[in-house]
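Asker: Coordinates in entry_23.cif, mmCIF, C-alpha atoms, are listed below.
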```cif
data_start
loop_
_atom_site.group_PDB
_atom_site.id
_atom_site.type_symbol
_atom_site.label_atom_id
_atom_site.label_comp_id
_atom_site.auth_asym_id
_atom_site.auth_seq_id
_atom_site.Cartn_x
_atom_site.Cartn_y
_atom_site.Cartn_z
ATOM 1 C CA MET A 23 0.000 0.000 0.000
ATOM 2 C CA PHE A 24 2.729 2.471 0.998
ATOM 3 C CA THR A 25 4.866 1.607 -2.025
ATOM 4 C CA GLN A 26 1.885 2.099 -4.339
ATOM 5 C CA LEU A 27 1.238 5.501 -2.784
ATOM 6 C CA LEU A 28 4.912 6.374 -3.094
ATOM 7 C CA ASP A 29 4.977 5.295 -6.758
ATOM 8 C CA TYR A 30 1.870 7.369 -7.476
ATOM 9 C CA PHE A 31 3.424 10.380 -5.749
ATOM 10 C CA ALA A 32 6.703 9.950 -7.638
ATOM 11 C CA GLU A 33 4.863 9.670 -10.935
ATOM 12 C CA GLY A 34 2.855 12.839 -10.302
ATOM 13 C CA ASN A 35 5.849 15.107 -9.742
ATOM 14 C CA PRO A 36 9.203 13.336 -10.018
ATOM 15 C CA GLN A 37 11.154 16.533 -9.341
ATOM 16 C CA LEU A 38 9.397 17.021 -6.013
ATOM 17 C CA PHE A 39 9.961 13.366 -5.163
ATOM 18 C CA ARG A 40 13.697 13.671 -5.895
ATOM 19 C CA GLU A 41 13.975 16.826 -3.786
ATOM 20 C CA LEU A 42 12.127 15.275 -0.851
ATOM 21 C CA LYS A 43 14.068 12.035 -1.098
ATOM 22 C CA GLY A 44 17.364 13.903 -0.994
ATOM 23 C CA ARG A 45 16.469 16.206 1.890
ATOM 24 C CA LEU A 46 14.223 14.204 4.211
ATOM 25 C CA ASN A 47 16.419 11.861 6.192
ATOM 26 C CA ARG A 48 16.530 11.106 9.898
ATOM 27 C CA HIS A 49 19.539 13.272 10.624
ATOM 28 C CA SER A 50 18.201 16.416 8.950
ATOM 29 C CA LEU A 51 14.707 15.970 10.388
ATOM 30 C CA SER A 52 16.032 15.457 13.906
ATOM 31 C CA MET A 53 18.305 18.495 13.574
ATOM 32 C CA ILE A 54 15.390 20.655 12.405
ATOM 33 C CA GLY A 55 13.206 19.393 15.257
ATOM 34 C CA VAL A 56 15.856 20.061 17.886
ATOM 35 C CA LEU A 57 16.717 23.487 16.453
ATOM 36 C CA SER A 58 13.060 24.536 16.269
ATOM 37 C CA ALA A 59 12.392 23.332 19.828
ATOM 38 C CA LEU A 60 15.494 25.111 21.100
ATOM 39 C CA ILE A 61 14.538 28.408 19.472
ATOM 40 C CA GLN A 62 10.997 28.136 20.837
ATOM 41 C CA CYS A 63 12.310 27.432 24.343
ATOM 42 C CA VAL A 64 14.596 30.459 24.133
ATOM 43 C CA ILE A 65 11.703 32.681 23.027
ATOM 44 C CA VAL A 66 9.475 31.474 25.855
ATOM 45 C CA GLY A 67 12.382 31.832 28.287
ATOM 46 C CA ILE A 68 13.070 35.397 27.197
ATOM 47 C CA TYR A 69 9.462 36.469 27.609
ATOM 48 C CA SER A 70 8.772 34.720 30.872
ATOM 49 C CA LYS A 71 9.369 36.396 34.158
ATOM 50 C CA GLN A 72 8.934 35.200 37.690
ATOM 51 C CA ASN A 73 6.613 37.087 39.999
ATOM 52 C CA CYS A 74 7.376 36.657 43.677
ATOM 53 C CA ILE A 75 4.366 36.713 45.921
ATOM 54 C CA THR A 76 6.287 36.664 49.202
ATOM 55 C CA TRP A 77 9.943 37.107 50.022
ATOM 56 C CA SER A 78 11.219 34.979 52.856
ATOM 57 C CA GLU A 79 14.383 35.495 54.859
ATOM 58 C CA ASP A 80 13.967 31.999 56.355
ATOM 59 C CA VAL A 81 14.861 30.245 53.159
ATOM 60 C CA GLY A 82 17.842 32.365 52.308
ATOM 61 C CA GLY A 83 16.008 35.100 50.459
ATOM 62 C CA TYR A 84 14.406 32.904 47.796
ATOM 63 C CA CYS A 85 10.952 33.458 46.430
ATOM 64 C CA GLN A 86 8.146 31.457 47.956
ATOM 65 C CA ASP A 87 4.884 30.839 46.162
ATOM 66 C CA SER A 88 6.297 32.178 42.941
ATOM 67 C CA GLN A 89 4.635 31.838 39.623
ATOM 68 C CA THR A 90 5.964 32.318 36.145
ATOM 69 C CA VAL A 91 4.164 34.791 33.919
ATOM 70 C CA ILE A 92 4.761 34.780 30.188
ATOM 71 C CA GLN A 93 4.376 37.949 28.181
ATOM 72 C CA TRP A 94 2.358 36.340 25.415
ATOM 73 C CA GLU A 95 1.908 39.423 23.267
ATOM 74 C CA SER A 96 5.650 40.110 23.182
ATOM 75 C CA ALA A 97 6.396 36.485 22.315
ATOM 76 C CA PHE A 98 3.751 36.659 19.573
ATOM 77 C CA VAL A 99 5.301 39.813 18.111
ATOM 78 C CA SER A 100 8.769 38.238 18.133
ATOM 79 C CA LEU A 101 7.530 35.125 16.364
ATOM 80 C CA THR A 102 5.573 37.277 13.926
ATOM 81 C CA PHE A 103 8.811 38.990 12.889
ATOM 82 C CA MET A 104 11.021 35.887 12.979
ATOM 83 C CA LEU A 105 8.844 33.453 11.009
ATOM 84 C CA PRO A 106 8.549 35.569 7.830
ATOM 85 C CA LEU A 107 12.201 36.525 7.965
ATOM 86 C CA LEU A 108 13.254 32.881 8.170
ATOM 87 C CA LEU A 109 10.730 31.751 5.594
ATOM 88 C CA LEU A 110 11.344 34.434 3.004
ATOM 89 C CA ALA A 111 15.065 35.080 3.306
ATOM 90 C CA GLY A 112 15.948 31.445 3.996
ATOM 91 C CA GLY A 113 13.741 30.117 1.207
ATOM 92 C CA VAL A 114 15.033 32.550 -1.393
ATOM 93 C CA TYR A 115 18.608 31.705 -0.440
ATOM 94 C CA LEU A 116 17.994 27.944 -0.549
ATOM 95 C CA LEU A 117 16.237 28.084 -3.917
ATOM 96 C CA SER A 118 18.843 30.347 -5.512
ATOM 97 C CA SER A 119 21.774 28.315 -4.238
ATOM 98 C CA ASP A 120 20.158 25.034 -5.322
ATOM 99 C CA TRP A 121 19.473 26.389 -8.796
ATOM 100 C CA MET A 122 23.048 27.638 -9.141
ATOM 101 C CA LYS A 123 24.348 24.272 -7.892
ATOM 102 C CA GLU A 124 22.262 22.539 -10.566
ATOM 103 C CA GLN A 125 23.796 24.832 -13.158
ATOM 104 C CA ARG A 126 27.384 24.195 -11.981
ATOM 105 C CA ARG A 127 26.858 20.439 -12.037
ATOM 106 C CA GLY A 128 25.362 20.602 -15.489
ATOM 107 C CA THR A 129 22.076 19.003 -14.415
ATOM 108 C CA LEU A 130 20.051 22.126 -15.194
ATOM 109 C CA ASN A 131 19.961 21.283 -18.897
ATOM 110 C CA PHE A 132 18.881 17.768 -17.946
ATOM 111 C CA LEU A 133 15.946 19.296 -16.079
ATOM 112 C CA ARG A 134 15.115 21.563 -18.990
ATOM 113 C CA LEU A 135 15.139 18.664 -21.443
ATOM 114 C CA SER A 136 13.002 16.360 -19.293
ATOM 115 C CA PRO A 137 9.574 15.420 -20.651
ATOM 116 C CA ARG A 138 7.863 17.149 -17.714
ATOM 117 C CA THR A 139 6.398 20.618 -18.031
ATOM 118 C CA SER A 140 8.352 23.561 -16.705
ATOM 119 C CA GLN A 141 5.543 24.249 -14.228
ATOM 120 C CA ASN A 142 5.925 20.722 -12.858
ATOM 121 C CA ILE A 143 9.670 21.158 -12.409
ATOM 122 C CA LEU A 144 9.319 24.619 -10.836
ATOM 123 C CA LEU A 145 6.609 23.373 -8.474
ATOM 124 C CA GLY A 146 8.861 20.498 -7.458
ATOM 125 C CA LYS A 147 11.674 22.948 -6.751
ATOM 126 C CA LEU A 148 9.442 25.421 -4.890
ATOM 127 C CA LEU A 149 7.993 22.755 -2.612
ATOM 128 C CA GLY A 150 10.973 20.449 -2.314
ATOM 129 C CA VAL A 151 14.074 22.583 -1.855
ATOM 130 C CA PRO A 152 12.966 24.524 1.263
ATOM 131 C CA VAL A 153 11.039 21.576 2.754
ATOM 132 C CA LEU A 154 13.192 21.487 5.897
ATOM 133 C CA LEU A 155 12.513 25.183 6.392
ATOM 134 C CA TYR A 156 8.782 24.515 5.992
ATOM 135 C CA ILE A 157 8.950 21.750 8.599
ATOM 136 C CA GLY A 158 10.906 23.867 11.075
ATOM 137 C CA ILE A 159 8.457 26.744 10.760
ATOM 138 C CA GLY A 160 5.569 24.284 10.952
ATOM 139 C CA PHE A 161 6.874 23.189 14.344
ATOM 140 C CA ALA A 162 6.716 26.839 15.496
ATOM 141 C CA ILE A 163 3.139 27.457 14.319
ATOM 142 C CA PRO A 164 1.505 25.913 17.445
ATOM 143 C CA LEU A 165 3.510 28.227 19.725
ATOM 144 C CA HIS A 166 2.634 31.183 17.517
ATOM 145 C CA LEU A 167 -1.067 30.320 17.747
ATOM 146 C CA LEU A 168 -0.809 29.749 21.508
ATOM 147 C CA CYS A 169 0.826 33.154 21.948
ATOM 148 C CA ALA A 170 -1.926 34.743 19.852
ATOM 149 C CA ILE A 171 -4.715 33.098 21.830
ATOM 150 C CA ALA A 172 -3.151 33.854 25.210
ATOM 151 C CA GLY A 173 -2.261 37.395 24.144
ATOM 152 C CA GLY A 174 -5.779 38.153 22.958
ATOM 153 C CA ILE A 175 -4.874 38.489 19.274
ATOM 154 C CA PRO A 176 -7.825 37.648 16.987
ATOM 155 C CA LEU A 177 -7.229 34.386 15.138
ATOM 156 C CA GLY A 178 -8.722 35.873 11.971
ATOM 157 C CA TRP A 179 -5.818 38.301 11.891
ATOM 158 C CA VAL A 180 -3.318 35.499 12.448
ATOM 159 C CA PHE A 181 -4.720 33.326 9.649
ATOM 160 C CA GLY A 182 -4.833 36.371 7.360
ATOM 161 C CA PHE A 183 -1.175 36.929 8.202
ATOM 162 C CA TYR A 184 -0.441 33.310 7.237
ATOM 163 C CA ALA A 185 -2.302 33.740 3.927
ATOM 164 C CA VAL A 186 -0.341 36.899 3.091
ATOM 165 C CA LEU A 187 2.871 35.126 4.077
ATOM 166 C CA VAL A 188 2.119 32.197 1.756
ATOM 167 C CA ALA A 189 1.289 34.547 -1.121
ATOM 168 C CA LEU A 190 4.404 36.650 -0.537
ATOM 169 C CA GLY A 191 6.555 33.535 -0.229
ATOM 170 C CA THR A 192 5.189 32.116 -3.468
ATOM 171 C CA PHE A 193 5.869 35.391 -5.251
ATOM 172 C CA LEU A 194 9.415 35.790 -3.899
ATOM 173 C CA TYR A 195 10.341 32.139 -4.442
ATOM 174 C CA THR A 196 9.119 32.216 -8.032
ATOM 175 C CA ALA A 197 10.830 35.546 -8.651
ATOM 176 C CA SER A 198 14.123 34.234 -7.254
ATOM 177 C CA LEU A 199 13.996 31.147 -9.472
ATOM 178 C CA LEU A 200 13.158 33.211 -12.520
ATOM 179 C CA ASN A 201 15.902 35.704 -11.673
ATOM 180 C CA VAL A 202 18.491 32.945 -11.399
ATOM 181 C CA LEU A 203 17.148 31.374 -14.583
ATOM 182 C CA PHE A 204 17.510 34.579 -16.587
ATOM 183 C CA VAL A 205 20.861 35.510 -15.080
ATOM 184 C CA ALA A 206 22.280 32.040 -15.680
#
```
Mind turning the file's structure into structure tokens?
Answerer:
Amino acid sequence: MFTQLLDYFAEGNPQLFRELKGRLNRHSLSMIGVLSALIQCVIVGIYSKQNCITWSEDVGGYCQDSQTVIQWESAFVSLTFMLPLLLLAGGVYLLSSDWMKEQRRGTLNFLRLSPRTSQNILLGKLLGVPVLLYIGIGFAIPLHLLCAIAGGIPLGWVFGFYAVLVALGTFLYTASLLNVLFVA
């Protein structure tokens, strides 16, 4: 069953399948997961502060009955600036460098002469090359939504932000590939 699904997927867009096969391995996925979790922990750590309810001299001046308060709105704003920066700048860099690497190796003409349409090849590149970046940012989306909910940010605004981000990413990624294509 899985092999039939994999064959069907590979037949639909072989360029995307090749990109995913080359990038999605255990080592890279675990590194992306650890890096994303570490960055999220740092963000939560930066925007959390401890409120002391009582100060006791008996215990050496430590806080008793303390609670940690997280500044959700500030964490949301930080993630709102970081996610697009990583997605747009990182994706454009990855796509441009991959396209130039294909040109240096001489496999770009092989892609151009393949029986697939140019839209199929470009879609495979757009979805496959920055896939690790997509996964890393996907791991941060739940924290971003949690910060929005806890900070009182309307979810309609957040999902509108995601839609604009996807549209802007698609435009910039396509423009970077076309720029490299015409320059090369």
Asker: Skipping near chain neighbours, those fewer than 3 positions away, what residues fall within 9 Å of segment 197-205 of chain A using all atoms listed in the file, listed as a VMD selection string?
Answerer: chain A and resid 114 to 115 117 to 118 121 to 122 144 147 to 148 192 to 194
Asker: Would you mind telling me which residue in A:Gln125, A:Thr196, A:Ser58, A:Asn35 lies nearest to Leu108 of chain A when using only C-alpha atoms?
Answerer: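 Residue with the minimum atom-to-atom distance to Leu108 of chain A: A:Ser58.
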Asker: Nearest to Ile171 of chain A among A:Trp94, A:Glu41, A:Phe183, A:Gly34, with distances taken over all atoms listed in the file: which residue is it?
Answerer: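 Closest to Ile171 of chain A of all the choices is A:Trp94.
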Asker: Can you spell out as a ChimeraX atom specification the set of residues that the PyMOL selection byres ((chain A and resi 95) around 7) selects in the structure I just provided?
Answerer: /A:93-94,96-99,169-170,173
Asker: Calculated over all atoms listed in the file, which of the candidates A:Leu110, A:Val56, A:Ile61, A:Leu149 has the smallest distance to Leu42 of chain A?
Answerer: A:Leu149
Asker: Distance atom CA of Gly44 of chain A-atom CA of Ala189 of chain A, one decimal place?
Answerer: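 Computing it gives 26.2 Å between the two atoms.
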Asker: How many Å separate atom CA of Tyr69 of chain A from atom CA of Ala162 of chain A?
Answerer: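 So the two atoms, atom CA of Tyr69 of chain A and atom CA of Ala162 of chain A, lie 15.7 Å apart.
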Asker: So the first atom is atom CA of Leu57 of chain A and the second is atom CA of Leu109 of chain A; what is the distance between them in Å, to one decimal place?
Answerer: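 Straight-line distance from atom CA of Leu57 of chain A to atom CA of Leu109 of chain A works out to 14.9 Å.
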Asker: Please write the residues picked by the PyMOL selection byres ((chain A and resi 51) around 12) on this file as a ChimeraX atom specification.
Answerer: /A:42,44-50,52-58,153-158,161
Asker: Output file request: segment 62-206 of chain A, with C-alpha atoms, as an mmCIF file, in the first residue's frame.
Answerer:
```cif
data_model
loop_
_atom_site.group_PDB
_atom_site.id
_atom_site.type_symbol
_atom_site.label_atom_id
_atom_site.label_comp_id
_atom_site.auth_asym_id
_atom_site.auth_seq_id
_atom_site.Cartn_x
_atom_site.Cartn_y
_atom_site.Cartn_z
ATOM 1 C CA GLN A 62 10.997 28.136 20.837
ATOM 2 C CA CYS A 63 12.310 27.432 24.343
ATOM 3 C CA VAL A 64 14.596 30.459 24.133
ATOM 4 C CA ILE A 65 11.703 32.681 23.027
ATOM 5 C CA VAL A 66 9.475 31.474 25.855
ATOM 6 C CA GLY A 67 12.382 31.832 28.287
ATOM 7 C CA ILE A 68 13.070 35.397 27.197
ATOM 8 C CA TYR A 69 9.462 36.469 27.609
ATOM 9 C CA SER A 70 8.772 34.720 30.872
ATOM 10 C CA LYS A 71 9.369 36.396 34.158
ATOM 11 C CA GLN A 72 8.934 35.200 37.690
ATOM 12 C CA ASN A 73 6.613 37.087 39.999
ATOM 13 C CA CYS A 74 7.376 36.657 43.677
ATOM 14 C CA ILE A 75 4.366 36.713 45.921
ATOM 15 C CA THR A 76 6.287 36.664 49.202
ATOM 16 C CA TRP A 77 9.943 37.107 50.022
ATOM 17 C CA SER A 78 11.219 34.979 52.856
ATOM 18 C CA GLU A 79 14.383 35.495 54.859
ATOM 19 C CA ASP A 80 13.967 31.999 56.355
ATOM 20 C CA VAL A 81 14.861 30.245 53.159
ATOM 21 C CA GLY A 82 17.842 32.365 52.308
ATOM 22 C CA GLY A 83 16.008 35.100 50.459
ATOM 23 C CA TYR A 84 14.406 32.904 47.796
ATOM 24 C CA CYS A 85 10.952 33.458 46.430
ATOM 25 C CA GLN A 86 8.146 31.457 47.956
ATOM 26 C CA ASP A 87 4.884 30.839 46.162
ATOM 27 C CA SER A 88 6.297 32.178 42.941
ATOM 28 C CA GLN A 89 4.635 31.838 39.623
ATOM 29 C CA THR A 90 5.964 32.318 36.145
ATOM 30 C CA VAL A 91 4.164 34.791 33.919
ATOM 31 C CA ILE A 92 4.761 34.780 30.188
ATOM 32 C CA GLN A 93 4.376 37.949 28.181
ATOM 33 C CA TRP A 94 2.358 36.340 25.415
ATOM 34 C CA GLU A 95 1.908 39.423 23.267
ATOM 35 C CA SER A 96 5.650 40.110 23.182
ATOM 36 C CA ALA A 97 6.396 36.485 22.315
ATOM 37 C CA PHE A 98 3.751 36.659 19.573
ATOM 38 C CA VAL A 99 5.301 39.813 18.111
ATOM 39 C CA SER A 100 8.769 38.238 18.133
ATOM 40 C CA LEU A 101 7.530 35.125 16.364
ATOM 41 C CA THR A 102 5.573 37.277 13.926
ATOM 42 C CA PHE A 103 8.811 38.990 12.889
ATOM 43 C CA MET A 104 11.021 35.887 12.979
ATOM 44 C CA LEU A 105 8.844 33.453 11.009
ATOM 45 C CA PRO A 106 8.549 35.569 7.830
ATOM 46 C CA LEU A 107 12.201 36.525 7.965
ATOM 47 C CA LEU A 108 13.254 32.881 8.170
ATOM 48 C CA LEU A 109 10.730 31.751 5.594
ATOM 49 C CA LEU A 110 11.344 34.434 3.004
ATOM 50 C CA ALA A 111 15.065 35.080 3.306
ATOM 51 C CA GLY A 112 15.948 31.445 3.996
ATOM 52 C CA GLY A 113 13.741 30.117 1.207
ATOM 53 C CA VAL A 114 15.033 32.550 -1.393
ATOM 54 C CA TYR A 115 18.608 31.705 -0.440
ATOM 55 C CA LEU A 116 17.994 27.944 -0.549
ATOM 56 C CA LEU A 117 16.237 28.084 -3.917
ATOM 57 C CA SER A 118 18.843 30.347 -5.512
ATOM 58 C CA SER A 119 21.774 28.315 -4.238
ATOM 59 C CA ASP A 120 20.158 25.034 -5.322
ATOM 60 C CA TRP A 121 19.473 26.389 -8.796
ATOM 61 C CA MET A 122 23.048 27.638 -9.141
ATOM 62 C CA LYS A 123 24.348 24.272 -7.892
ATOM 63 C CA GLU A 124 22.262 22.539 -10.566
ATOM 64 C CA GLN A 125 23.796 24.832 -13.158
ATOM 65 C CA ARG A 126 27.384 24.195 -11.981
ATOM 66 C CA ARG A 127 26.858 20.439 -12.037
ATOM 67 C CA GLY A 128 25.362 20.602 -15.489
ATOM 68 C CA THR A 129 22.076 19.003 -14.415
ATOM 69 C CA LEU A 130 20.051 22.126 -15.194
ATOM 70 C CA ASN A 131 19.961 21.283 -18.897
ATOM 71 C CA PHE A 132 18.881 17.768 -17.946
ATOM 72 C CA LEU A 133 15.946 19.296 -16.079
ATOM 73 C CA ARG A 134 15.115 21.563 -18.990
ATOM 74 C CA LEU A 135 15.139 18.664 -21.443
ATOM 75 C CA SER A 136 13.002 16.360 -19.293
ATOM 76 C CA PRO A 137 9.574 15.420 -20.651
ATOM 77 C CA ARG A 138 7.863 17.149 -17.714
ATOM 78 C CA THR A 139 6.398 20.618 -18.031
ATOM 79 C CA SER A 140 8.352 23.561 -16.705
ATOM 80 C CA GLN A 141 5.543 24.249 -14.228
ATOM 81 C CA ASN A 142 5.925 20.722 -12.858
ATOM 82 C CA ILE A 143 9.670 21.158 -12.409
ATOM 83 C CA LEU A 144 9.319 24.619 -10.836
ATOM 84 C CA LEU A 145 6.609 23.373 -8.474
ATOM 85 C CA GLY A 146 8.861 20.498 -7.458
ATOM 86 C CA LYS A 147 11.674 22.948 -6.751
ATOM 87 C CA LEU A 148 9.442 25.421 -4.890
ATOM 88 C CA LEU A 149 7.993 22.755 -2.612
ATOM 89 C CA GLY A 150 10.973 20.449 -2.314
ATOM 90 C CA VAL A 151 14.074 22.583 -1.855
ATOM 91 C CA PRO A 152 12.966 24.524 1.263
ATOM 92 C CA VAL A 153 11.039 21.576 2.754
ATOM 93 C CA LEU A 154 13.192 21.487 5.897
ATOM 94 C CA LEU A 155 12.513 25.183 6.392
ATOM 95 C CA TYR A 156 8.782 24.515 5.992
ATOM 96 C CA ILE A 157 8.950 21.750 8.599
ATOM 97 C CA GLY A 158 10.906 23.867 11.075
ATOM 98 C CA ILE A 159 8.457 26.744 10.760
ATOM 99 C CA GLY A 160 5.569 24.284 10.952
ATOM 100 C CA PHE A 161 6.874 23.189 14.344
ATOM 101 C CA ALA A 162 6.716 26.839 15.496
ATOM 102 C CA ILE A 163 3.139 27.457 14.319
ATOM 103 C CA PRO A 164 1.505 25.913 17.445
ATOM 104 C CA LEU A 165 3.510 28.227 19.725
ATOM 105 C CA HIS A 166 2.634 31.183 17.517
ATOM 106 C CA LEU A 167 -1.067 30.320 17.747
ATOM 107 C CA LEU A 168 -0.809 29.749 21.508
ATOM 108 C CA CYS A 169 0.826 33.154 21.948
ATOM 109 C CA ALA A 170 -1.926 34.743 19.852
ATOM 110 C CA ILE A 171 -4.715 33.098 21.830
ATOM 111 C CA ALA A 172 -3.151 33.854 25.210
ATOM 112 C CA GLY A 173 -2.261 37.395 24.144
ATOM 113 C CA GLY A 174 -5.779 38.153 22.958
ATOM 114 C CA ILE A 175 -4.874 38.489 19.274
ATOM 115 C CA PRO A 176 -7.825 37.648 16.987
ATOM 116 C CA LEU A 177 -7.229 34.386 15.138
ATOM 117 C CA GLY A 178 -8.722 35.873 11.971
ATOM 118 C CA TRP A 179 -5.818 38.301 11.891
ATOM 119 C CA VAL A 180 -3.318 35.499 12.448
ATOM 120 C CA PHE A 181 -4.720 33.326 9.649
ATOM 121 C CA GLY A 182 -4.833 36.371 7.360
ATOM 122 C CA PHE A 183 -1.175 36.929 8.202
ATOM 123 C CA TYR A 184 -0.441 33.310 7.237
ATOM 124 C CA ALA A 185 -2.302 33.740 3.927
ATOM 125 C CA VAL A 186 -0.341 36.899 3.091
ATOM 126 C CA LEU A 187 2.871 35.126 4.077
ATOM 127 C CA VAL A 188 2.119 32.197 1.756
ATOM 128 C CA ALA A 189 1.289 34.547 -1.121
ATOM 129 C CA LEU A 190 4.404 36.650 -0.537
ATOM 130 C CA GLY A 191 6.555 33.535 -0.229
ATOM 131 C CA THR A 192 5.189 32.116 -3.468
ATOM 132 C CA PHE A 193 5.869 35.391 -5.251
ATOM 133 C CA LEU A 194 9.415 35.790 -3.899
ATOM 134 C CA TYR A 195 10.341 32.139 -4.442
ATOM 135 C CA THR A 196 9.119 32.216 -8.032
ATOM 136 C CA ALA A 197 10.830 35.546 -8.651
ATOM 137 C CA SER A 198 14.123 34.234 -7.254
ATOM 138 C CA LEU A 199 13.996 31.147 -9.472
ATOM 139 C CA LEU A 200 13.158 33.211 -12.520
ATOM 140 C CA ASN A 201 15.902 35.704 -11.673
ATOM 141 C CA VAL A 202 18.491 32.945 -11.399
ATOM 142 C CA LEU A 203 17.148 31.374 -14.583
ATOM 143 C CA PHE A 204 17.510 34.579 -16.587
ATOM 144 C CA VAL A 205 20.861 35.510 -15.080
ATOM 145 C CA ALA A 206 22.280 32.040 -15.680
#
```
